[in-house]
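Reproduced below: start-v1.pdb, with PDB, C-alpha atoms.
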ATOM      1  CA  MET A  11     -34.348-144.065 -79.393
ATOM      2  CA  THR A  12     -33.686-140.891 -77.383
ATOM      3  CA  GLU A  13     -31.826-138.023 -78.873
ATOM      4  CA  GLU A  14     -29.526-135.746 -76.800
ATOM      5  CA  THR A  15     -30.180-132.052 -76.977
ATOM      6  CA  PRO A  16     -27.106-130.367 -78.331
ATOM      7  CA  GLY A  17     -25.518-127.394 -76.408
ATOM      8  CA  PHE A  18     -26.236-128.529 -72.846
ATOM      9  CA  ASP A  19     -23.461-129.958 -70.728
ATOM     10  CA  GLU A  20     -24.128-132.173 -67.910
ATOM     11  CA  LYS A  21     -23.864-130.555 -64.452
ATOM     12  CA  PRO A  22     -23.581-132.238 -61.119
ATOM     13  CA  ASP A  23     -26.666-132.690 -59.149
ATOM     14  CA  VAL A  24     -27.373-129.714 -56.841
ATOM     15  CA  PRO A  25     -29.458-130.300 -53.764
ATOM     16  CA  SER A  26     -32.724-128.494 -53.669
ATOM     17  CA  GLY A  27     -32.614-125.154 -51.863
ATOM     18  CA  ALA A  28     -28.886-124.687 -52.453
ATOM     19  CA  THR A  29     -27.445-121.874 -54.531
ATOM     20  CA  PRO A  30     -25.226-122.421 -57.445
ATOM     21  CA  ASP A  31     -22.285-120.941 -55.537
ATOM     22  CA  ASP A  32     -22.539-123.721 -53.038
ATOM     23  CA  ALA A  33     -21.834-126.183 -55.737
ATOM     24  CA  GLU A  34     -18.437-124.614 -56.468
ATOM     25  CA  PRO A  35     -15.650-125.905 -54.294
ATOM     26  CA  GLN A  36     -14.155-123.256 -52.019
ATOM     27  CA  ALA A  37     -10.476-123.183 -51.402
ATOM     28  CA  ALA A  38      -9.617-123.704 -47.808
ATOM     29  CA  SER A  39      -7.959-120.668 -46.155
ATOM     30  CA  PRO A  40      -4.471-121.348 -44.963
ATOM     31  CA  SER A  41      -4.239-121.776 -41.204
ATOM     32  CA  GLY A  42      -3.555-118.498 -39.297
ATOM     33  CA  GLU A  43      -3.824-116.206 -42.328
ATOM     34  CA  GLY A  44      -4.631-112.530 -41.280
ATOM     35  CA  ALA A  45      -3.695-112.996 -37.566
ATOM     36  CA  ALA A  46      -0.625-111.169 -36.194
ATOM     37  CA  PRO A  47       2.153-113.411 -34.962
ATOM     38  CA  ALA A  48       2.435-113.734 -31.134
ATOM     39  CA  GLY A  49       5.982-112.302 -31.140
ATOM     40  CA  ASP A  50       4.878-109.067 -32.815
ATOM     41  CA  ALA A  51       2.095-108.531 -30.187
ATOM     42  CA  SER A  52       4.555-108.956 -27.321
ATOM     43  CA  ALA A  53       6.946-106.466 -28.889
ATOM     44  CA  GLN A  54       4.163-103.899 -29.326
ATOM     45  CA  LEU A  55       3.061-104.349 -25.690
ATOM     46  CA  ALA A  56       6.632-103.905 -24.472
ATOM     47  CA  GLY A  57       6.989-100.723 -26.548
ATOM     48  CA  LEU A  58       3.767 -99.283 -25.163
ATOM     49  CA  THR A  59       4.855-100.113 -21.600
ATOM     50  CA  ALA A  60       8.186 -98.348 -22.144
ATOM     51  CA  GLN A  61       6.431 -95.267 -23.529
ATOM     52  CA  LEU A  62       4.060 -95.249 -20.545
ATOM     53  CA  ASP A  63       7.020 -95.389 -18.149
ATOM     54  CA  GLN A  64       8.671 -92.483 -19.952
ATOM     55  CA  VAL A  65       5.467 -90.435 -19.721
ATOM     56  CA  ARG A  66       5.142 -91.216 -16.022
ATOM     57  CA  THR A  67       8.770 -90.216 -15.402
ATOM     58  CA  ALA A  68       8.323 -86.951 -17.297
ATOM     59  CA  LEU A  69       5.098 -86.248 -15.397
ATOM     60  CA  GLY A  70       6.851 -86.828 -12.061
ATOM     61  CA  GLU A  71       9.681 -84.486 -13.032
ATOM     62  CA  ARG A  72       7.281 -81.758 -14.130
ATOM     63  CA  THR A  73       5.260 -82.162 -10.921
ATOM     64  CA  ALA A  74       8.413 -81.845  -8.816
ATOM     65  CA  ASP A  75       9.444 -78.727 -10.757
ATOM     66  CA  LEU A  76       6.010 -77.213 -10.205
ATOM     67  CA  GLN A  77       6.102 -77.945  -6.483
ATOM     68  CA  ARG A  78       9.590 -76.443  -6.200
ATOM     69  CA  LEU A  79       8.519 -73.292  -8.042
ATOM     70  CA  GLN A  80       5.444 -72.981  -5.828
ATOM     71  CA  ALA A  81       7.565 -73.300  -2.671
ATOM     72  CA  GLU A  82      10.018 -70.682  -3.959
ATOM     73  CA  TYR A  83       7.142 -68.347  -4.742
ATOM     74  CA  GLN A  84       5.666 -68.756  -1.259
ATOM     75  CA  ASN A  85       9.071 -68.048   0.308
ATOM     76  CA  TYR A  86       9.422 -64.989  -1.909
ATOM     77  CA  ARG A  87       6.014 -63.683  -0.833
ATOM     78  CA  ARG A  88       6.809 -64.176   2.847
ATOM     79  CA  ARG A  89      10.178 -62.458   2.430
ATOM     80  CA  VAL A  90       8.581 -59.515   0.617
ATOM     81  CA  ASP A  91       5.886 -59.161   3.295
ATOM     82  CA  ARG A  92       8.503 -59.302   6.050
ATOM     83  CA  ASP A  93      10.673 -56.709   4.308
ATOM     84  CA  ARG A  94       7.648 -54.477   3.777
ATOM     85  CA  VAL A  95       6.818 -54.577   7.495
ATOM     86  CA  THR A  96      10.448 -53.910   8.426
ATOM     87  CA  VAL A  97      10.690 -50.918   6.086
ATOM     88  CA  LYS A  98       7.454 -49.512   7.496
ATOM     89  CA  GLU A  99       8.693 -49.895  11.071
ATOM     90  CA  ILE A 100      11.979 -48.179  10.233
ATOM     91  CA  ALA A 101      10.163 -45.287   8.556
ATOM     92  CA  VAL A 102       7.818 -44.818  11.527
ATOM     93  CA  ALA A 103      10.716 -45.066  14.000
ATOM     94  CA  ASN A 104      12.656 -42.398  12.089
ATOM     95  CA  LEU A 105       9.635 -40.099  12.096
ATOM     96  CA  LEU A 106       9.078 -40.560  15.828
ATOM     97  CA  SER A 107      12.775 -39.930  16.492
ATOM     98  CA  GLU A 108      12.421 -36.503  14.877
ATOM     99  CA  LEU A 109       9.475 -35.741  17.188
ATOM    100  CA  LEU A 110      11.313 -36.539  20.433
ATOM    101  CA  PRO A 111      12.772 -32.990  20.928
ATOM    102  CA  VAL A 112       9.267 -31.557  20.540
ATOM    103  CA  LEU A 113       7.908 -34.033  23.094
ATOM    104  CA  ASP A 114      10.744 -33.101  25.461
ATOM    105  CA  ASP A 115       9.795 -29.410  25.162
ATOM    106  CA  ILE A 116       6.164 -30.290  25.877
ATOM    107  CA  GLY A 117       7.214 -32.218  28.977
ATOM    108  CA  ARG A 118       9.330 -29.348  30.307
ATOM    109  CA  ALA A 119       6.502 -26.884  29.655
ATOM    110  CA  ARG A 120       4.119 -29.134  31.589
ATOM    111  CA  GLU A 121       6.526 -29.342  34.534
ATOM    112  CA  HIS A 122       6.806 -25.523  34.688
ATOM    113  CA  GLY A 123       3.054 -24.990  34.359
ATOM    114  CA  GLU A 124       3.363 -23.348  30.946
ATOM    115  CA  LEU A 125       1.164 -25.862  29.108
ATOM    116  CA  VAL A 126      -2.028 -23.780  28.936
ATOM    117  CA  GLY A 127      -4.529 -22.531  26.387
ATOM    118  CA  GLY A 128      -4.349 -23.521  22.750
ATOM    119  CA  PHE A 129      -0.759 -24.707  23.129
ATOM    120  CA  LYS A 130      -1.995 -27.351  25.604
ATOM    121  CA  SER A 131      -4.560 -28.684  23.124
ATOM    122  CA  VAL A 132      -1.982 -28.887  20.329
ATOM    123  CA  ALA A 133       0.551 -30.583  22.609
ATOM    124  CA  GLU A 134      -1.934 -33.170  23.836
ATOM    125  CA  SER A 135      -3.063 -33.898  20.257
ATOM    126  CA  LEU A 136       0.542 -34.464  19.209
ATOM    127  CA  GLU A 137       1.151 -36.817  22.133
ATOM    128  CA  THR A 138      -2.036 -38.730  21.277
ATOM    129  CA  VAL A 139      -0.992 -39.167  17.645
ATOM    130  CA  ALA A 140       2.477 -40.339  18.680
ATOM    131  CA  ALA A 141       0.936 -42.895  21.063
ATOM    132  CA  LYS A 142      -1.369 -44.194  18.325
ATOM    133  CA  MET A 143       1.657 -44.715  16.099
ATOM    134  CA  GLY A 144       3.137 -46.972  18.786
ATOM    135  CA  LEU A 145       5.443 -44.619  20.706
ATOM    136  CA  GLN A 146       5.805 -45.629  24.374
ATOM    137  CA  GLN A 147       7.498 -43.635  27.136
ATOM    138  CA  PHE A 148       9.420 -45.385  29.915
ATOM    139  CA  GLY A 149      11.656 -44.539  32.852
ATOM    140  CA  LYS A 150      10.567 -44.072  36.487
ATOM    141  CA  GLU A 151      12.339 -43.074  39.672
ATOM    142  CA  GLY A 152      13.169 -45.968  41.973
ATOM    143  CA  GLU A 153      13.443 -48.667  39.322
ATOM    144  CA  PRO A 154      16.650 -50.717  39.083
ATOM    145  CA  PHE A 155      19.242 -49.428  36.628
ATOM    146  CA  ASP A 156      19.314 -51.406  33.371
ATOM    147  CA  PRO A 157      22.146 -50.447  31.011
ATOM    148  CA  THR A 158      20.180 -51.741  28.017
ATOM    149  CA  ILE A 159      17.434 -49.133  28.427
ATOM    150  CA  HIS A 160      19.009 -46.526  30.755
ATOM    151  CA  GLU A 161      21.811 -44.056  30.185
ATOM    152  CA  ALA A 162      23.422 -42.872  33.431
ATOM    153  CA  LEU A 163      24.363 -39.174  33.319
ATOM    154  CA  MET A 164      24.878 -38.683  37.072
ATOM    155  CA  HIS A 165      26.224 -41.015  39.754
ATOM    156  CA  SER A 166      26.090 -40.933  43.541
ATOM    157  CA  TYR A 167      25.969 -43.124  46.654
ATOM    158  CA  ALA A 168      22.997 -43.541  48.947
ATOM    159  CA  PRO A 169      22.676 -45.493  52.207
ATOM    160  CA  ASP A 170      19.040 -46.459  51.579
ATOM    161  CA  VAL A 171      19.507 -48.448  48.343
ATOM    162  CA  THR A 172      20.584 -52.058  48.025
ATOM    163  CA  GLU A 173      21.397 -51.993  44.305
ATOM    164  CA  THR A 174      22.149 -49.492  41.564
ATOM    165  CA  THR A 175      18.909 -47.512  41.324
ATOM    166  CA  CYS A 176      17.531 -44.711  39.144
ATOM    167  CA  VAL A 177      16.939 -41.870  41.593
ATOM    168  CA  ALA A 178      16.061 -39.166  39.025
ATOM    169  CA  ILE A 179      14.781 -39.190  35.419
ATOM    170  CA  LEU A 180      16.547 -36.445  33.497
ATOM    171  CA  GLN A 181      14.961 -37.374  30.150
ATOM    172  CA  PRO A 182      12.373 -40.106  29.631
ATOM    173  CA  GLY A 183      13.119 -42.964  27.286
ATOM    174  CA  TYR A 184      11.016 -43.934  24.292
ATOM    175  CA  ARG A 185      10.468 -47.232  22.518
ATOM    176  CA  PHE A 186       8.584 -48.288  19.406
ATOM    177  CA  GLY A 187       7.475 -51.894  19.612
ATOM    178  CA  GLU A 188      10.591 -53.821  20.654
ATOM    179  CA  ARG A 189      12.889 -51.116  19.276
ATOM    180  CA  THR A 190      14.392 -48.639  21.765
ATOM    181  CA  ILE A 191      14.402 -45.251  20.053
ATOM    182  CA  ARG A 192      16.121 -43.447  22.928
ATOM    183  CA  PRO A 193      17.265 -44.763  26.322
ATOM    184  CA  ALA A 194      16.078 -43.038  29.465
ATOM    185  CA  ARG A 195      18.716 -40.593  30.736
ATOM    186  CA  VAL A 196      18.883 -40.924  34.490
ATOM    187  CA  ALA A 197      20.817 -40.189  37.660
ATOM    188  CA  VAL A 198      21.776 -43.353  39.526
ATOM    189  CA  ALA A 199      22.752 -44.098  43.098
ATOM    190  CA  GLU A 200      24.723 -47.049  44.377
ATOM    191  CA  PRO A 201      24.797 -48.485  47.907
ATOM    192  CA  GLN A 202      27.102 -46.593  50.294
ATOM    193  CA  PRO A 203      30.503 -48.320  50.510
ATOM    194  CA  GLY A 204      30.662 -50.283  53.774
ATOM    195  CA  ALA A 205      26.919 -49.989  54.371
ATOM    196  CA  GLN A 206      26.364 -53.615  53.491
ATOM    197  CA  THR A 207      29.097 -54.723  55.923
ATOM    198  CA  VAL A 208      27.640 -52.608  58.745
ATOM    199  CA  LYS A 209      24.161 -53.972  58.097
ATOM    200  CA  ALA A 210      25.475 -57.529  58.039
ATOM    201  CA  ASP A 211      27.314 -56.977  61.355
ATOM    202  CA  GLU A 212      24.190 -55.480  62.913
ATOM    203  CA  ALA A 213      22.150 -58.432  61.742
ATOM    204  CA  GLU A 214      24.667 -60.898  63.156
ATOM    205  CA  THR A 215      24.786 -58.995  66.467
ATOM    206  CA  SER A 216      21.012 -58.968  66.710
ATOM    207  CA  THR A 217      20.855 -62.652  65.919
ATOM    208  CA  GLY A 218      23.521 -63.442  68.487
ATOM    209  CA  ALA A 219      21.786 -61.422  71.200
ATOM    210  CA  SER A 220      18.508 -63.144  70.489
ATOM    211  CA  GLY A 221      20.216 -66.521  70.650
ATOM    212  CA  ALA A 222      21.888 -65.686  73.966
ATOM    213  CA  SER A 223      18.620 -64.543  75.503
ATOM    214  CA  GLY A 224      16.922 -67.706  74.359
ATOM    215  CA  ALA A 225      19.711 -69.875  75.797
ATOM    216  CA  SER A 226      19.574 -68.059  79.154
ATOM    217  CA  ALA A 227      15.820 -68.530  79.361
ATOM    218  CA  ALA A 228      16.219 -72.214  78.599
ATOM    219  CA  ASP A 229      18.845 -72.641  81.333
ATOM    220  CA  ASP A 230      16.608 -70.943  83.890
ATOM    221  CA  LYS A 231      13.731 -73.205  82.922
ATOM    222  CA  GLU A 232      15.836 -76.354  83.286
ATOM    223  CA  SER A 233      17.232 -75.300  86.675
ATOM    224  CA  GLY A 234      13.808 -74.525  88.037
ATOM    225  CA  GLY A 235      14.075 -70.785  87.692
ATOM    226  CA  PRO A 236      16.036 -68.242  89.709
ATOM    227  CA  ASP A 237      16.618 -68.870  93.410
ATOM    228  CA  GLU A 238      13.893 -67.477  95.641
ATOM    229  CA  GLY A 239      14.612 -65.316  98.710
TER     230      GLY A 239
END

Translate this structure into C-alpha cells?
Amino acid sequence: MTEETPGFDEKPDVPSGATPDDAEPQAASPSGEGAAPAGDASAQLAGLTAQLDQVRTALGERTADLQRLQAEYQNYRRRVDRDRVTVKEIAVANLLSELLPVLDDIGRAREHGELVGGFKSVAESLETVAAKMGLQQFGKEGEPFDPTIHEALMHSYAPDVTETTCVAILQPGYRFGERTIRPARVAVAEPQPGAQTVKADEAETSTGASGASGASAADDKESGGPDEG
C-alpha cells in the first residue's frame, strides 16, 4: 500500500522544455487597447494642416513686406543718386556763371591783341579748366536766329538773307551740358521787305521767258523752220 507524501500538492502536467510561466493562463488583452481612436488621428491631422496653412500665409506676408521694403530702398537710392548729380550740376553751373565776365574780358583782350606774355598763359589755363568742367561756347555769325539760345540786341534788314539771321555776335553764349548758362547776344537781320516779292516776280518772269522761247522753237520745228530766201 502506497503512502502519499504530505506537503506536496498536485500540479498539472507541464510539457518538457516549457517554463513554469507558460503553465499559467494569460488574460487576453482587450481588442484595440493602447491604439488611438481613428477620429482623434483625423482631428490631429486637420489641426496640423491648419497650422501649416497659417505658417505659409504668414511667410507669404513677410516675404511680400520684405520685397516691398527692398523696392522702396532701391527707389530711395536712385532718388538720392539723382539728387546728388543734380546738386553737383547746379553747383558747377553757378561757379561757371561767376567766371563768364572774366572769360568775356579774356575774349576782348584777344580781339584787341592784348593777350600776351604771362597774362596769355593764365587766360588760356583758365579757359582750359572751364572747358574740362563742361563749359561750352556757342554762337556764330550766319547761323539762323533761335530765340531759345540767342538774345537779339540789334535788329536790321538785309537783302541777302532769306530768314532771320545772326549777322554779328556781340557776346558768345555758354552752356553746361543741356543747361544754357547764358544765351548768345547777337545782332540779327531780317529779309528786306518786298525783296521776296521782287525775287518771286523775277523768277516767274524768267520762267515765262524760257517757256516762250521753248514754244517758239517748237513751232519753228513743226513748220519746217523759217522761210528761206

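Of note, atom CA of Glu134 of chain A and atom CA of Val112 of chain A are spaced 11.8 Å apart.
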
Need the shell around segment 158-170 of chain A: protein/DNA/RNA residues with any atom at most 12 Å away, counting only C-alpha atoms. Skip same-chain ones fewer than 2 positions apart. Format as a PyMOL selection string? chain A and resi 147-156+172-185+188-209

When you count all atoms listed in the file, which of these residues is closest to Ala140 of chain A: A:Ala51, A:Leu110, A:Arg89, A:Leu79?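 Counting all atoms listed in the file, the residue closest to Ala140 of chain A is A:Leu110.
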
Please put the answer as lines of an AutoDock Vina configuration file: centre and edge lengths, in Å with one decimal, of a box along x, y and z that encloses all listed atoms of segment 158-166 of chain A plus 5 Å on each side.
center_x = 21.8
center_y = -45.2
center_z = 35.8
size_x = 18.8
size_y = 23.1
size_z = 25.5

Work out how far atom CA of Arg92 of chain A is from atom CA of Leu76 of chain A, in Å to one decimal. 24.3 Å

Between atom CA of Lys98 of chain A and atom CA of Tyr86 of chain A, what distance in Å does the model show, to one decimal? 18.2 Å

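Each of A:Leu109, A:Leu55, A:Val171, A:Ala60 was compared to Ala141 of chain A using only C-alpha atoms, and A:Leu109 turns out to be the nearest.
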
Pick from A:Ile116, A:Arg88, A:Lys142, A:Ser107: nearest to Lys130 of chain A, with only C-alpha atoms counted?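 Distance minimum relative to Lys130 of chain A lands on A:Ile116.
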
Using only C-alpha atoms, the residue out of A:Val102, A:Ala74, A:Ala53, A:Leu125 with shortest distance to Met143 of chain A is A:Val102
